[in-house]
Amino acid sequence: MSGGAATAGLVADPRPRREDPRLLTGQGSYVADVRLPGMLEAAFVRSPLAHARIRAVDTDAARAAPGVIAVLTGADLSDVEPFPDLRERTRPVRQRALCIDRVRYVGAPLAVVVAEDRYLAEDAAELVDADLEELPVVADMDAALAPGAPLLYDDWPDDRIVATAPVDPELDAIFETHQVVRGTYRMQRHTAMPMETRGVVATVERGRLLVWTSTQVPHVVRTVIARTLGLPEHRIRVVAGDVGGGFGSKLHVYPEEVVIPALAWRLRRPVRWIEDRREHFLASSHARHQRHDLEAAVDERGDIVAVRGDLVCDVGSGEILPPGVAPAFVSAGSITGPYRFPRSQARLTCVVTNKTPSGAYRGFGTPEIVFALERLLERVARETGQDPVELRRRHLIRPEDLPYETPNGRRIDSGSHLEAFERAVAWAETTRERLAPTARGSIGVGYANYIEGVSPNYHATSGLWAQQETSTLRIEPDGTVVVASGLGPMGQGTETMLATLASQLLGVPHDQVEVRLGDTDLSPYGLGSFGSRSTVVAAGAVQLAAGRLLDKVRTIAGHLLEASATDIELVDGRARVVGSPDRSVGLAEVAHLAYFRTFDLPPGTEPGLEATGAYEQPGVDHRPNAQGKLNICLTYANSTHACVVDVDRATGVVRLLAHLAVHDAGLLLNPQVVDGQIMGGVAQGIGGALYEQLLHDADGQPLVTSFMDYLVPGAPEVPELTIDHLSTPSTTTPFGLKGAGEAGATGVPAAIANAVCDALRDTGIDITQTPITPSSIRAALRATPDPTTTEGS
C-alpha cells in the first residue's frame, strides 16, 4: 500500500466487546429513543389489496380528526422524485415514496397521517378512504411465468424483471453424452426479524435536514434522500445510532426514509415513525424465495464433470432499492460451491409478483444455492451408487489447487475446504455414536460445504456505488485517538473491531481509542456494513490512515527526541527511540506541538494530527468479461457444517441433537466476536430450515403477520453447538483477513435436510424444499413406495 502505510501485523485480541456494557444496561440509543420538542408522530395507510389501480384517496375525514396536523397522499408528494433505477440488466420499476397510480402488494404505502401522537395518527389513518380498482393478482412465480400473465408493469412485455439465457453448445454436448442427474429444489419465502424494527425521525435544524434511521448504510440513505427530495447532500445529516439488528433487511432504502424527511421539511417540525411488527411483516423486505432446477453430468467414474441450472427467484413487486434481484445473481454465481466441477452454467429468471418486495437477508443468495447443490450431490451419490462423503471428498478444492478459479470466474485465493470437511466428518462420526443412546427415533448425520464471498463489489448490487471504504484517524490534543468510519453498526461488534485496529496499528492502548460511527457528519463517506465486509475493508482503510498518521507522529517525535524519524516506534501510546526505550514522549506531548506550539514543529510540517485512508479493493470485477466471467468478491471464506438429528417417524418431528460449524475466516481479529456471529447465524439458519415461512393466498393476501403465525427458533430449538476455527490467511486482503458475518446461516438448511434424509435413508425419502416441517416429513413418508416403520438407524 502507498502513503507510508503501517506494515505491522495484527494479532488476535479476544477482549469483550466494548459496546456491550452500554447495550446490556439499557443505555443504548435507538431511533425510538429519539424525542424532540414538538415532535409529531406518523402512521402510514397501507394497501389492503395485493394489486389495484388507485382511483382516489379521500383524506377529508382524517384531516378533520382530533390532533391531526397533516395527511399526505402520493399525489401530494408528486414533486418527490422516484427512487432511482440504477442497476443494469434490470427493468425499471420507478418506485415512488407513496403510491400514486397503483399498488402492487398488501402493505404498499398509500398515504401518511401526521398527528400530535401515534394513537391519534393511527385513529385518523383508519378514516382514510382509498378507492381501489382491484386488478388480477400474480400470486407466485409459476403464475408470473405463465403465458399471458397479468402485468404488474404495463410497459413490460412480461413479468420478468431479469432474465439471462447463456448459450454454451459445448456444455450442451457434455450433458448429451453423460449420465445426467436432475433435481428441483425450493427455498421458501422468509426474512430477517431484528429485535428493533425500522424507524425514522427527521427534523430541520438551521436549514439542514437531520434524519435518524435504523439502517446499515447511513451514507447511502443520505444520497437517496438527496436525489429524491432534490436537496444537496451537505444539507442532509443521517444518523444511525445503535441498530438493533439488520441482517440485510436494513441494507435497503425504504419509502419511509424519504417520506418522513419530506414531512419534516414541509412542516418544519420533527416527525417520527416507528414500524410496528405487523408493518415489518408487510412492508420490510422479504427474502430467499427461489426455485432451482439443477442438473449434474456424471462420467463413468462417478465424477461430476458439469453442473447447470435454471434458477427462478420471486422478488415480490420489485419496488425496493437496491433491487432484490442481486441475491439471485449470487445464487447463480455460486452454483459450483467449493467443488472442482470443470464446467457450469446458470440461467436466471427473476419475476415480479404481488407480494412484498424481496431483498437481502444474511447469506444473500448463498443459502439457497447451497441447499440445492448439496441436495443434488446426495442424489448423485444415490443414483450412481456412491458414498456421499466420498463423493464430496473427491470433488472439494484441495490446497494444491489454490489459487483456484471457478468456471464462472470466482477467484478463490486461499482456504481449507478439504480440511474443514474432514474435521466435520470426524466430528459427526463420534458425535453420532455418543448421542445414539439419547435418540428417541431415527438418528442421522448431514453435511454442507460452501464458500462465502467476502467484501463484495456493491456496484453489482446497486448499479451506482462501487466497493471503497474510508476511515479517518485523528489524535486529539490530550493524546486520545479518534477513529471515524463509514461502516454501519448493527450489533456485530464494529466499535470493538475499529478500536482494535487503531490500537494495534498505531501502537496505543485500546482504551485510548474512541470510535465514531453511523453519523454522516462525523464520518467519511462509506458504504456501510453488509456482505461480511466490515473488518476487511476497515483494516484496509485504517491501515492506510494509520501509516500516514504514524509518519507525521514519527517526524514530530524525532524532532523532540533529536532522533531520526525512521528510528521512532510507537509502543503503548508513547513514541520512543528504537533500542532506547527510556528516550520517549507521549502522544499528548506530540500533539502539544501539532496543535499549540506549531511554531516549534519541524520545518515543512503542517499543524494537526489527522489522516484519512480510502481503501479500494483490488481484483474485484464490476462487469463480466468477454467470456461472461465475473469475480465480485475480494476473497472467499470457506465452511463446513455438520448436523446430527433425531427424527420421530410417527410425528415427523425433527429434533436437533448437535451442530458443528467449521469455519475458516483467515486471521480472527476477535475470536469471541466471530463465535457470536456464527452462533447467531446458525440460529437463523435453523429458523429457515425448520420453522419460518411467509405464506400468501391466491389473492396475494399475507397469511402471516405476527409471531403467532411466524415461528422463530428460541434457545430450546438451538442444539449443542460446536465451532471449530481454521485460519488460512487470504493472499488478497489486508493482513489475510476474511469475513464471518454470514457464515453461520448459510450451511444450516442443507446440513439439516441431509441429516433428516440420512436418518430416514431406508425409506428413500428425498427432501427438496424448506421448511422441513413435521407435516412435510409425514407426507414424504406416505409418498415413498415402501415406507418403513422401523425405528433406529
# chains A, B, ... in the order shown; residues from 1 in each chain; ligands from 1
$ residues_around --residues "Leu711 in chain A" --least-positions-apart "5" --cutoff "9 Å" --atoms "only C-alpha atoms" --output "PyMOL selection string"
chain A and resi 687+691-693
$ write_last_selection --atoms "N, CA and C atoms" --output "compact mmCIF listing (two decimals), in the first residue's frame"
# COMPACT_ATOMS: atom_id res chain seq x y z
N GLY A 687 -34.02 -21.49 11.83
CA GLY A 687 -35.35 -20.95 11.55
C GLY A 687 -35.76 -21.16 10.12
N TYR A 691 -38.69 -23.79 10.45
CA TYR A 691 -39.83 -23.09 11.03
C TYR A 691 -40.40 -21.94 10.20
N GLU A 692 -39.59 -21.03 9.77
CA GLU A 692 -40.07 -19.74 9.28
C GLU A 692 -40.60 -19.84 7.86
N GLN A 693 -41.75 -19.19 7.63
CA GLN A 693 -42.35 -19.19 6.29
C GLN A 693 -43.37 -18.07 6.18
$ residues_around --residues "range 77-83 of chain A" --least-positions-apart "6" --cutoff "6 Å" --atoms "only C-alpha atoms" --output "VMD selection string"
chain A and resid 94 to 96 228 to 229
$ closest_residue --among "A:Arg91, A:Leu110, A:Ile568, A:Leu560" --to "Trp156 in chain A" --atoms "only C-alpha atoms"
A:Arg91
$ closest_residue --among "A:Val644, A:Ala240, A:Ala124, A:Leu23" --to "Ala61 in chain A" --atoms "only C-alpha atoms"
A:Ala124
$ closest_residue --among "A:Arg394, A:Arg308, A:Arg237, A:Arg182" --to "Thr768 in chain A" --atoms "only C-alpha atoms"
A:Arg182
$ residues_around --residues "range 265-275 of chain A" --least-positions-apart "4" --cutoff "8 Å" --atoms "only C-alpha atoms" --output "PDB file with C-alpha atoms, in the first residue's frame"
ATOM      1  CA  VAL A  31     -34.465   5.500  16.862  1.00  0.00           C
ATOM      2  CA  ALA A  32     -37.438   5.022  19.186  1.00  0.00           C
ATOM      3  CA  LEU A  36     -37.544  16.130  20.335  1.00  0.00           C
ATOM      4  CA  PRO A  37     -39.575  19.149  21.457  1.00  0.00           C
ATOM      5  CA  GLY A  38     -42.774  19.473  19.441  1.00  0.00           C
ATOM      6  CA  MET A  39     -42.251  16.084  17.778  1.00  0.00           C
ATOM      7  CA  LEU A  40     -45.142  14.712  15.729  1.00  0.00           C
ATOM      8  CA  GLU A  41     -45.919  11.049  15.085  1.00  0.00           C
ATOM      9  CA  ALA A  42     -46.700   9.461  11.723  1.00  0.00           C
ATOM     10  CA  ALA A  43     -48.809   6.462  10.774  1.00  0.00           C
ATOM     11  CA  VAL A 114     -49.151  13.090  10.965  1.00  0.00           C
ATOM     12  CA  THR A 197     -37.941  -2.816  13.756  1.00  0.00           C
ATOM     13  CA  ARG A 198     -37.308   0.024  11.343  1.00  0.00           C
ATOM     14  CA  GLY A 199     -37.862   3.614  12.354  1.00  0.00           C
ATOM     15  CA  VAL A 200     -37.195   7.159  11.163  1.00  0.00           C
ATOM     16  CA  VAL A 201     -37.077  10.533  12.907  1.00  0.00           C
ATOM     17  CA  ALA A 202     -36.483  13.737  10.960  1.00  0.00           C
ATOM     18  CA  THR A 203     -36.237  17.400  11.840  1.00  0.00           C
ATOM     19  CA  VAL A 204     -34.883  20.629  10.370  1.00  0.00           C
ATOM     20  CA  LEU A 209     -32.334  18.101   7.386  1.00  0.00           C
ATOM     21  CA  ILE A 260     -40.604  11.220   6.990  1.00  0.00           C
ATOM     22  CA  PRO A 261     -37.790  13.644   5.994  1.00  0.00           C
ATOM     23  CA  GLU A 279     -45.780  -3.475   9.364  1.00  0.00           C
ATOM     24  CA  HIS A 280     -42.472  -5.296   9.423  1.00  0.00           C
TER      25      HIS A 280
END
$ residues_around --residues "range 617-632 of chain A" --least-positions-apart "2" --cutoff "6 Å" --atoms "only C-alpha atoms" --output "JSON, numbers by chain"
{"A": [408, 409, 410, 456, 457, 634]}
$ write_last_selection --atoms "C-alpha atoms" --output "PDB file, in the first residue's frame"
ATOM      1  CA  ASN A 408     -17.847 -18.663 -13.839  1.00  0.00           C
ATOM      2  CA  GLY A 409     -14.877 -16.575 -12.722  1.00  0.00           C
ATOM      3  CA  ARG A 410     -14.782 -16.604  -8.919  1.00  0.00           C
ATOM      4  CA  PRO A 456     -18.440  -7.907  -2.457  1.00  0.00           C
ATOM      5  CA  ASN A 457     -18.478  -5.297  -5.153  1.00  0.00           C
ATOM      6  CA  LEU A 634     -12.255  -9.696  -2.708  1.00  0.00           C
TER       7      LEU A 634
END
